[in-house]
file data_22.pdb (PDB, C-alpha atoms)
MODEL        1
ATOM      1  CA  MET A   1      87.804  70.839  79.260
ATOM      2  CA  ALA A   2      84.398  70.999  77.552
ATOM      3  CA  ASP A   3      82.917  68.527  80.077
ATOM      4  CA  ARG A   4      84.285  70.556  82.965
ATOM      5  CA  ARG A   5      82.863  73.768  81.570
ATOM      6  CA  GLN A   6      79.468  72.222  81.064
ATOM      7  CA  PHE A   7      79.522  70.845  84.593
ATOM      8  CA  LEU A   8      80.282  74.253  86.061
ATOM      9  CA  ARG A   9      77.658  75.999  83.972
ATOM     10  CA  THR A  10      75.142  73.512  85.303
ATOM     11  CA  LEU A  11      76.102  74.507  88.829
ATOM     12  CA  ALA A  12      74.313  77.872  88.779
ATOM     13  CA  GLY A  13      76.461  79.185  85.950
ATOM     14  CA  ALA A  14      79.719  78.923  87.860
ATOM     15  CA  ALA A  15      82.865  79.584  85.887
ATOM     16  CA  ALA A  16      85.726  78.488  88.109
ATOM     17  CA  LEU A  17      86.828  75.482  90.081
ATOM     18  CA  GLY A  18      89.233  75.926  92.975
ATOM     19  CA  VAL A  19      91.036  72.887  94.303
ATOM     20  CA  THR A  20      93.014  72.950  97.533
ATOM     21  CA  ALA A  21      95.146  70.110  98.872
ATOM     22  CA  ASP A  22      95.157  69.514 102.623
ATOM     23  CA  VAL A  23      97.817  67.204 104.057
ATOM     24  CA  SER A  24      95.963  64.777 106.290
ATOM     25  CA  SER A  25      97.300  62.815 109.208
ATOM     26  CA  PHE A  26      97.286  59.617 107.166
ATOM     27  CA  GLY A  27     100.960  59.417 106.243
ATOM     28  CA  ARG A  28     101.595  60.695 102.741
ATOM     29  CA  VAL A  29      97.965  60.608 101.710
ATOM     30  CA  ARG A  30      96.677  63.970 100.518
ATOM     31  CA  LYS A  31      93.057  64.857 100.929
ATOM     32  CA  LEU A  32      91.620  67.101  98.183
ATOM     33  CA  ARG A  33      88.955  69.612  99.061
ATOM     34  CA  MET A  34      87.180  70.988  95.985
ATOM     35  CA  MET A  35      85.400  74.321  96.000
ATOM     36  CA  VAL A  36      83.510  75.998  93.219
ATOM     37  CA  ALA A  37      83.909  79.747  92.757
ATOM     38  CA  MET A  38      80.286  80.688  92.230
ATOM     39  CA  PRO A  39      78.726  83.927  91.020
ATOM     40  CA  ASP A  40      78.237  86.112  94.078
ATOM     41  CA  THR A  41      75.165  88.158  94.878
ATOM     42  CA  SER A  42      76.445  89.662  98.133
ATOM     43  CA  ALA A  43      76.261  93.393  98.701
ATOM     44  CA  HIS A  44      79.976  94.174  98.466
ATOM     45  CA  ASP A  45      82.948  93.178  96.354
ATOM     46  CA  ARG A  46      85.563  94.526  98.699
ATOM     47  CA  LEU A  47      86.369  94.167 102.376
ATOM     48  CA  PRO A  48      84.280  96.608 104.465
ATOM     49  CA  PRO A  49      85.608  99.117 107.021
ATOM     50  CA  GLU A  50      84.564  96.777 109.847
ATOM     51  CA  TRP A  51      87.023  94.193 108.559
ATOM     52  CA  TYR A  52      89.878  96.698 108.691
ATOM     53  CA  ARG A  53      88.912  97.821 112.179
ATOM     54  CA  ARG A  54      89.170  94.208 113.325
ATOM     55  CA  LYS A  55      92.510  93.888 111.550
ATOM     56  CA  ILE A  56      93.860  96.954 113.372
ATOM     57  CA  GLY A  57      92.838  95.311 116.642
ATOM     58  CA  GLN A  58      94.691  92.135 115.677
ATOM     59  CA  VAL A  59      97.797  94.148 114.830
ATOM     60  CA  GLN A  60      97.595  95.897 118.194
ATOM     61  CA  GLU A  61      97.485  92.521 119.956
ATOM     62  CA  GLN A  62     100.722  91.579 118.202
ATOM     63  CA  MET A  63     102.219  94.937 119.141
ATOM     64  CA  LYS A  64     101.507  94.285 122.818
ATOM     65  CA  GLN A  65     103.461  91.034 122.645
ATOM     66  CA  ARG A  66     106.443  92.976 121.296
ATOM     67  CA  LYS A  67     105.957  95.885 123.713
ATOM     68  CA  LEU A  68     105.532  98.386 120.875
ATOM     69  CA  ASN A  69     103.878 101.722 121.560
ATOM     70  CA  ALA A  70     103.374 102.430 117.869
ATOM     71  CA  LEU A  71     103.832 100.831 114.477
ATOM     72  CA  VAL A  72     104.609 102.920 111.387
ATOM     73  CA  LEU A  73     103.906 101.277 108.034
ATOM     74  CA  LEU A  74     105.485 102.674 104.867
ATOM     75  CA  ASN A  75     104.960  99.621 102.662
ATOM     76  CA  ALA A  76     101.943 100.351 100.454
ATOM     77  CA  THR A  77     100.746  96.731 100.540
ATOM     78  CA  ASN A  78     100.739  96.679 104.332
ATOM     79  CA  VAL A  79      99.047 100.079 104.562
ATOM     80  CA  ILE A  80      96.281  98.760 102.312
ATOM     81  CA  TYR A  81      96.055  95.460 104.191
ATOM     82  CA  THR A  82      95.613  97.092 107.599
ATOM     83  CA  THR A  83      93.579 100.200 106.760
ATOM     84  CA  GLY A  84      91.981  99.524 103.372
ATOM     85  CA  TYR A  85      93.375 102.785 102.047
ATOM     86  CA  PHE A  86      94.056 101.861  98.417
ATOM     87  CA  HIS A  87      96.728 103.905  96.677
ATOM     88  CA  LEU A  88      99.633 103.564  94.296
ATOM     89  CA  SER A  89     103.099 103.717  95.767
ATOM     90  CA  THR A  90     105.134 106.605  94.329
ATOM     91  CA  GLU A  91     108.239 108.573  95.273
ATOM     92  CA  ARG A  92     106.015 110.460  97.754
ATOM     93  CA  PRO A  93     106.052 108.561 101.076
ATOM     94  CA  LEU A  94     102.671 107.583 102.507
ATOM     95  CA  ALA A  95     102.477 106.031 105.964
ATOM     96  CA  ALA A  96     100.020 104.548 108.409
ATOM     97  CA  LEU A  97     100.519 105.000 112.153
ATOM     98  CA  ILE A  98      98.974 102.271 114.287
ATOM     99  CA  PRO A  99      99.066 103.246 117.971
ATOM    100  CA  GLU A 100      99.038 100.697 120.772
ATOM    101  CA  SER A 101      95.341 101.481 121.239
ATOM    102  CA  GLY A 102      92.737 103.425 119.291
ATOM    103  CA  ASP A 103      92.316 104.186 115.617
ATOM    104  CA  PRO A 104      95.168 104.554 113.112
ATOM    105  CA  ALA A 105      96.316 107.750 111.427
ATOM    106  CA  LEU A 106      97.575 108.367 107.921
ATOM    107  CA  PHE A 107     100.366 110.640 106.703
ATOM    108  CA  VAL A 108      99.846 111.450 103.053
ATOM    109  CA  PRO A 109     101.021 113.766 100.272
ATOM    110  CA  GLU A 110      98.702 116.698  99.598
ATOM    111  CA  LEU A 111      97.659 115.015  96.346
ATOM    112  CA  GLU A 112      95.887 112.404  98.480
ATOM    113  CA  SER A 113      94.156 114.877 100.801
ATOM    114  CA  ASP A 114      90.760 114.712  99.071
ATOM    115  CA  GLN A 115      90.761 110.941  98.737
ATOM    116  CA  VAL A 116      91.778 110.278 102.333
ATOM    117  CA  LYS A 117      88.732 112.162 103.651
ATOM    118  CA  LEU A 118      86.425 109.623 102.048
ATOM    119  CA  TRP A 119      87.582 106.514 103.908
ATOM    120  CA  TRP A 120      86.994 105.382 107.493
ATOM    121  CA  VAL A 121      90.384 106.561 108.790
ATOM    122  CA  LYS A 122      89.566 110.189 109.601
ATOM    123  CA  ASP A 123      92.811 111.148 111.342
ATOM    124  CA  PHE A 124      95.412 112.261 108.803
ATOM    125  CA  GLU A 125      98.105 114.843 108.141
ATOM    126  CA  ALA A 126      99.273 115.914 104.683
ATOM    127  CA  TYR A 127     102.499 117.456 103.424
ATOM    128  CA  PHE A 128     102.508 119.879 100.502
ATOM    129  CA  ASP A 129     104.765 118.156  98.012
ATOM    130  CA  TYR A 130     107.872 116.100  97.439
ATOM    131  CA  PRO A 131     110.766 116.360  98.069
ATOM    132  CA  GLY A 132     110.063 119.574 100.050
ATOM    133  CA  PRO A 133     112.293 121.396 102.518
ATOM    134  CA  VAL A 134     112.455 118.408 104.902
ATOM    135  CA  ASN A 135     112.893 114.738 104.074
ATOM    136  CA  ARG A 136     109.365 113.340 104.074
ATOM    137  CA  VAL A 137     110.202 110.238 106.132
ATOM    138  CA  ARG A 138     111.674 112.571 108.733
ATOM    139  CA  TRP A 139     108.532 114.736 108.442
ATOM    140  CA  ILE A 140     106.365 111.679 109.163
ATOM    141  CA  PHE A 141     108.384 110.688 112.226
ATOM    142  CA  GLU A 142     108.381 114.223 113.587
ATOM    143  CA  ARG A 143     104.596 114.032 113.609
ATOM    144  CA  VAL A 144     104.626 110.557 115.121
ATOM    145  CA  ALA A 145     106.816 111.926 117.910
ATOM    146  CA  ASN A 146     104.509 114.912 118.408
ATOM    147  CA  ARG A 147     101.624 112.498 118.975
ATOM    148  CA  GLY A 148     103.171 111.239 122.174
ATOM    149  CA  PHE A 149     105.432 108.505 120.861
ATOM    150  CA  GLY A 150     108.675 110.499 120.890
ATOM    151  CA  GLY A 151     110.072 108.496 123.808
ATOM    152  CA  GLY A 152     108.411 105.166 123.085
ATOM    153  CA  ARG A 153     109.152 101.984 121.164
ATOM    154  CA  ILE A 154     108.192 102.401 117.509
ATOM    155  CA  GLY A 155     108.056  99.443 115.166
ATOM    156  CA  VAL A 156     109.051 100.114 111.538
ATOM    157  CA  GLU A 157     109.441  98.323 108.206
ATOM    158  CA  GLU A 158     112.469  98.037 105.923
ATOM    159  CA  PRO A 159     114.778 100.259 108.012
ATOM    160  CA  THR A 160     117.493 100.774 105.414
ATOM    161  CA  PRO A 161     120.423 102.883 106.641
ATOM    162  CA  GLY A 162     119.213 105.986 104.812
ATOM    163  CA  ARG A 163     115.626 105.602 105.974
ATOM    164  CA  MET A 164     116.671 104.794 109.559
ATOM    165  CA  GLU A 165     118.744 107.972 109.643
ATOM    166  CA  GLN A 166     115.692 110.056 108.756
ATOM    167  CA  MET A 167     113.494 108.188 111.239
ATOM    168  CA  LYS A 168     115.939 108.934 114.055
ATOM    169  CA  LEU A 169     116.189 112.580 113.014
ATOM    170  CA  GLY A 170     112.406 112.812 113.203
ATOM    171  CA  ALA A 171     112.077 110.976 116.529
ATOM    172  CA  PRO A 172     115.543 111.177 118.154
ATOM    173  CA  LYS A 173     114.442 109.999 121.612
ATOM    174  CA  ALA A 174     112.384 107.041 120.423
ATOM    175  CA  THR A 175     113.545 103.440 120.339
ATOM    176  CA  ILE A 176     113.040 102.331 116.743
ATOM    177  CA  VAL A 177     112.584  98.590 116.285
ATOM    178  CA  ASP A 178     112.528  96.540 113.094
ATOM    179  CA  ALA A 179     109.055  94.984 113.039
ATOM    180  CA  GLY A 180     108.759  94.373 109.322
ATOM    181  CA  ASP A 181     107.606  90.795 109.826
ATOM    182  CA  LEU A 182     104.625  91.690 112.029
ATOM    183  CA  VAL A 183     102.088  92.521 109.330
ATOM    184  CA  GLU A 184     103.855  90.393 106.729
ATOM    185  CA  ASN A 185     103.283  87.240 108.788
ATOM    186  CA  MET A 186      99.655  88.131 109.418
ATOM    187  CA  ARG A 187      99.075  88.347 105.673
ATOM    188  CA  TRP A 188     100.116  84.716 105.245
ATOM    189  CA  VAL A 189      96.922  83.446 106.893
ATOM    190  CA  LYS A 190      93.677  84.363 105.104
ATOM    191  CA  ASP A 191      90.345  84.514 106.866
ATOM    192  CA  GLU A 192      86.984  83.653 105.328
ATOM    193  CA  ASP A 193      86.329  87.203 104.154
ATOM    194  CA  GLU A 194      89.639  87.324 102.286
ATOM    195  CA  ILE A 195      89.063  83.889 100.784
ATOM    196  CA  HIS A 196      85.638  85.059  99.636
ATOM    197  CA  VAL A 197      87.211  87.961  97.726
ATOM    198  CA  MET A 198      89.855  85.651  96.266
ATOM    199  CA  ARG A 199      87.162  83.290  95.015
ATOM    200  CA  ARG A 200      85.441  86.194  93.317
ATOM    201  CA  ALA A 201      88.720  86.985  91.574
ATOM    202  CA  MET A 202      89.047  83.336  90.531
ATOM    203  CA  TYR A 203      85.567  83.449  89.063
ATOM    204  CA  PHE A 204      86.361  86.412  86.818
ATOM    205  CA  ALA A 205      89.853  85.149  85.985
ATOM    206  CA  ASP A 206      88.490  81.820  84.801
ATOM    207  CA  PHE A 207      85.829  83.581  82.746
ATOM    208  CA  THR A 208      88.557  85.684  81.104
ATOM    209  CA  VAL A 209      90.551  82.602  80.092
ATOM    210  CA  GLN A 210      87.462  80.969  78.619
ATOM    211  CA  ALA A 211      86.540  84.171  76.749
ATOM    212  CA  GLY A 212      89.973  84.113  75.134
ATOM    213  CA  ARG A 213      89.609  80.448  74.151
ATOM    214  CA  ASP A 214      86.175  81.096  72.662
ATOM    215  CA  PHE A 215      87.474  84.066  70.696
ATOM    216  CA  VAL A 216      90.285  82.003  69.145
ATOM    217  CA  GLN A 217      87.973  79.092  68.351
ATOM    218  CA  HIS A 218      85.447  81.348  66.630
ATOM    219  CA  ASN A 219      87.902  83.551  64.733
ATOM    220  CA  GLY A 220      90.796  81.290  63.832
ATOM    221  CA  SER A 221      94.120  83.025  63.214
ATOM    222  CA  VAL A 222      94.258  86.098  65.463
ATOM    223  CA  THR A 223      96.959  88.193  67.086
ATOM    224  CA  GLU A 224      97.724  88.404  70.784
ATOM    225  CA  ASP A 225      96.550  92.024  70.777
ATOM    226  CA  GLN A 226      93.194  90.959  69.358
ATOM    227  CA  ILE A 227      92.835  88.265  72.010
ATOM    228  CA  LEU A 228      93.722  90.764  74.731
ATOM    229  CA  LYS A 229      91.186  93.275  73.441
ATOM    230  CA  ALA A 230      88.420  90.661  73.135
ATOM    231  CA  THR A 231      88.976  89.188  76.594
ATOM    232  CA  ALA A 232      89.213  92.646  78.208
ATOM    233  CA  ASP A 233      85.933  93.669  76.564
ATOM    234  CA  ALA A 234      84.235  90.454  77.637
ATOM    235  CA  VAL A 235      85.290  90.558  81.274
ATOM    236  CA  ALA A 236      84.548  94.305  81.499
ATOM    237  CA  ASP A 237      80.997  93.656  80.312
ATOM    238  CA  LYS A 238      80.604  90.840  82.814
ATOM    239  CA  MET A 239      82.010  92.897  85.689
ATOM    240  CA  SER A 240      79.739  95.825  84.861
ATOM    241  CA  LYS A 241      76.740  93.536  85.363
ATOM    242  CA  GLU A 242      77.890  91.568  88.387
ATOM    243  CA  LEU A 243      80.290  93.633  90.494
ATOM    244  CA  ASN A 244      79.043  95.905  93.250
ATOM    245  CA  ASP A 245      80.636  99.144  94.507
ATOM    246  CA  VAL A 246      82.582  99.786  91.308
ATOM    247  CA  VAL A 247      82.375 102.040  88.266
ATOM    248  CA  GLY A 248      83.990 101.812  84.867
ATOM    249  CA  VAL A 249      86.842 103.935  83.602
ATOM    250  CA  GLY A 250      85.978 105.481  80.257
ATOM    251  CA  ILE A 251      89.135 104.301  78.522
ATOM    252  CA  GLU A 252      89.164 101.607  75.870
ATOM    253  CA  PRO A 253      90.162  98.171  77.269
ATOM    254  CA  PRO A 254      92.617  96.788  78.064
ATOM    255  CA  PHE A 255      93.876 100.146  79.300
ATOM    256  CA  GLY A 256      90.688 100.984  81.168
ATOM    257  CA  GLY A 257      89.361  99.035  84.107
ATOM    258  CA  TRP A 258      87.111  98.779  87.108
ATOM    259  CA  PHE A 259      87.730 100.212  90.546
ATOM    260  CA  HIS A 260      85.951 100.982  93.781
ATOM    261  CA  SER A 261      84.152 104.263  93.385
ATOM    262  CA  VAL A 262      83.353 107.573  94.947
ATOM    263  CA  ASN A 263      81.525 110.424  93.314
ATOM    264  CA  ASP A 264      84.831 111.729  91.951
ATOM    265  CA  LEU A 265      86.191 108.981  89.697
ATOM    266  CA  ARG A 266      89.809 109.908  90.383
ATOM    267  CA  PHE A 267      89.626 108.270  93.781
ATOM    268  CA  PRO A 268      89.232 104.464  94.221
ATOM    269  CA  MET A 269      86.874 104.279  97.188
ATOM    270  CA  PRO A 270      83.528 102.486  97.720
ATOM    271  CA  SER A 271      80.235 104.032  96.601
ATOM    272  CA  PRO A 272      76.863 102.951  95.219
ATOM    273  CA  ALA A 273      77.401 105.267  92.242
ATOM    274  CA  ARG A 274      77.671 103.594  88.853
ATOM    275  CA  ILE A 275      78.347 104.722  85.307
ATOM    276  CA  GLY A 276      76.387 103.171  82.481
TER     277      GLY A 276
ENDMDL
END

call {"tool": "encode", "arguments": {"input": "data_22.pdb", "output": "structure tokens"}}
result
Amino acid sequence: MADRRQFLRTLAGAAALGVTADVSSFGRVRKLRMMVAMPDTSAHDRLPPEWYRRKIGQVQEQMKQRKLNALVLLNATNVIYTTGYFHLSTERPLAALIPESGDPALFVPELESDQVKLWWVKDFEAYFDYPGPVNRVRWIFERVANRGFGGGRIGVEEPTPGRMEQMKLGAPKATIVDAGDLVENMRWVKDEDEIHVMRRAMYFADFTVQAGRDFVQHNGSVTEDQILKATADAVADKMSKELNDVVGVGIEPPFGGWFHSVNDLRFPMPSPARIG
């Protein structure tokens, strides 16, 4: 382990080694391709809006093959993957509408109405609160129908009986199709930009493990809480120096963290603003 660490430090201070195995055409022989997760000096540490615009176009190509006029995403992971709108999934439904052509739209709770204005998706509608006078999934599909898709084919995710009932109440003349695998399958294949971000994560993850090892070696008998605190402090310091487009949360690690910033720290969106 010590030799490996020294080797990586020699390579421009790298702190992670990623190994991928590719099955070659030579019978059972496996060909190993080794990649080093290096410190990154690029301008951004998250995927830019242009990446998400391309992803929307790729989704729309898949929709054409399935003859879908619209795709409504309610899964938070898939909303983030296609639009870059980072949020935490709660009991309040949040959806992305991807039309067969053009830009997407978001349907969000009022609590998200300030945050949503700061991202590249400018078309959105917000409902006041949850649960409200009308089921919020029905509310979303009423607005999808009002946008010209009321008689079209609408792809959806996870159409449980209860959710499907509300979808049909909101868009009674539409043909609602289970298309939950469309975005899911696209997520299986990573492009170079995604791999780049994953390598950055590997770099910091490997540093965190080594920081914990160093702490134990230098301090002897310690508790898990002490190790957690030491490693969180160490990686937070490193991230504050090396990450771009993020600010720190003023809460003691490990309960604080780093996230993509705007001027208002409540909202995780990109910004050049930093907190010292």

call {"tool": "atom_distance", "arguments": {"input": "data_22.pdb", "atom1": "CA of Trp120 (chain A)", "atom2": "CA of Ala96 (chain A)"}}
result
13.1 Å

call {"tool": "closest_residue", "arguments": {"input": "data_22.pdb", "among": "A:Tyr85, A:Trp188, A:Phe149, A:Trp139", "to": "Ala174 (chain A)", "atoms": "only C-alpha atoms"}}
result
A:Phe149

call {"tool": "axis_aligned_box", "arguments": {"input": "data_22.pdb", "around": "region 84-88 of chain A", "padding_each_side": "3 Å", "output": "lines of an AutoDock Vina configuration file"}}
result
center_x = 95.8
center_y = 101.7
center_z = 98.8
size_x = 13.7
size_y = 10.4
size_z = 15.1

call {"tool": "closest_residue", "arguments": {"input": "data_22.pdb", "among": "A:Ala211, A:Val216, A:Ala205, A:Ile98", "to": "Asp233 (chain A)", "atoms": "all atoms listed in the file"}}
result
A:Ala211

call {"tool": "residues_around", "arguments": {"input": "data_22.pdb", "residues": "Asn78 (chain A)", "least_positions_apart": "3", "cutoff": "9 Å", "atoms": "all atoms listed in the file", "output": "JSON, numbers by chain"}}
result
{"A": [73, 74, 75, 81, 82, 83, 96, 183, 184, 187]}

call {"tool": "resolve_selection", "arguments": {"input": "data_22.pdb", "expression": "the PyMOL selection byres ((chain A and resi 49-66) around 8)", "output": "JSON list (two decimals) with C-alpha atoms, in the coordinates of the input"}}
result
[["chain", "number", "residue", "atom", "x", "y", "z"],
["A", 47, "LEU", "CA", 86.37, 94.17, 102.38],
["A", 48, "PRO", "CA", 84.28, 96.61, 104.46],
["A", 67, "LYS", "CA", 105.96, 95.88, 123.71],
["A", 68, "LEU", "CA", 105.53, 98.39, 120.88],
["A", 69, "ASN", "CA", 103.88, 101.72, 121.56],
["A", 70, "ALA", "CA", 103.37, 102.43, 117.87],
["A", 71, "LEU", "CA", 103.83, 100.83, 114.48],
["A", 81, "TYR", "CA", 96.06, 95.46, 104.19],
["A", 82, "THR", "CA", 95.61, 97.09, 107.60],
["A", 83, "THR", "CA", 93.58, 100.20, 106.76],
["A", 84, "GLY", "CA", 91.98, 99.52, 103.37],
["A", 98, "ILE", "CA", 98.97, 102.27, 114.29],
["A", 99, "PRO", "CA", 99.07, 103.25, 117.97],
["A", 100, "GLU", "CA", 99.04, 100.70, 120.77],
["A", 101, "SER", "CA", 95.34, 101.48, 121.24],
["A", 103, "ASP", "CA", 92.32, 104.19, 115.62],
["A", 104, "PRO", "CA", 95.17, 104.55, 113.11],
["A", 120, "TRP", "CA", 86.99, 105.38, 107.49],
["A", 182, "LEU", "CA", 104.62, 91.69, 112.03],
["A", 183, "VAL", "CA", 102.09, 92.52, 109.33]]

call {"tool": "resolve_selection", "arguments": {"input": "data_22.pdb", "expression": "the PyMOL selection byres ((chain A and resi 150) around 9)", "output": "JSON, numbers by chain"}}
result
{"A": [141, 142, 144, 145, 146, 147, 148, 149, 151, 152, 153, 154, 170, 171, 172, 173, 174, 175]}

call {"tool": "closest_residue", "arguments": {"input": "data_22.pdb", "among": "A:Leu88, A:Val72, A:Tyr203, A:Glu125", "to": "Glu158 (chain A)", "atoms": "only C-alpha atoms"}}
result
A:Val72

call {"tool": "atom_distance", "arguments": {"input": "data_22.pdb", "atom1": "CA of Asp123 (chain A)", "atom2": "CA of Gly102 (chain A)"}}
result
11.1 Å

call {"tool": "atom_distance", "arguments": {"input": "data_22.pdb", "atom1": "CA of Ser113 (chain A)", "atom2": "CA of Val137 (chain A)"}}
result
17.5 Å

call {"tool": "residues_around", "arguments": {"input": "data_22.pdb", "residues": "Phe124 (chain A)", "least_positions_apart": "5", "cutoff": "8 Å", "atoms": "all atoms listed in the file", "output": "ChimeraX atom specification"}}
result
/A:105-108,116

call {"tool": "resolve_selection", "arguments": {"input": "data_22.pdb", "expression": "the PyMOL selection byres ((chain A and resi 90) around 12)", "output": "VMD selection string"}}
result
chain A and resid 74 to 76 87 to 89 91 to 95 108 to 109 111 to 112 130 to 131

call {"tool": "closest_residue", "arguments": {"input": "data_22.pdb", "among": "A:Met167, A:Val156, A:Val235, A:Val222", "to": "Ala179 (chain A)", "atoms": "all atoms listed in the file"}}
result
A:Val156

call {"tool": "closest_residue", "arguments": {"input": "data_22.pdb", "among": "A:Val209, A:Glu194, A:Ala201, A:Asn135", "to": "Leu169 (chain A)", "atoms": "only C-alpha atoms"}}
result
A:Asn135
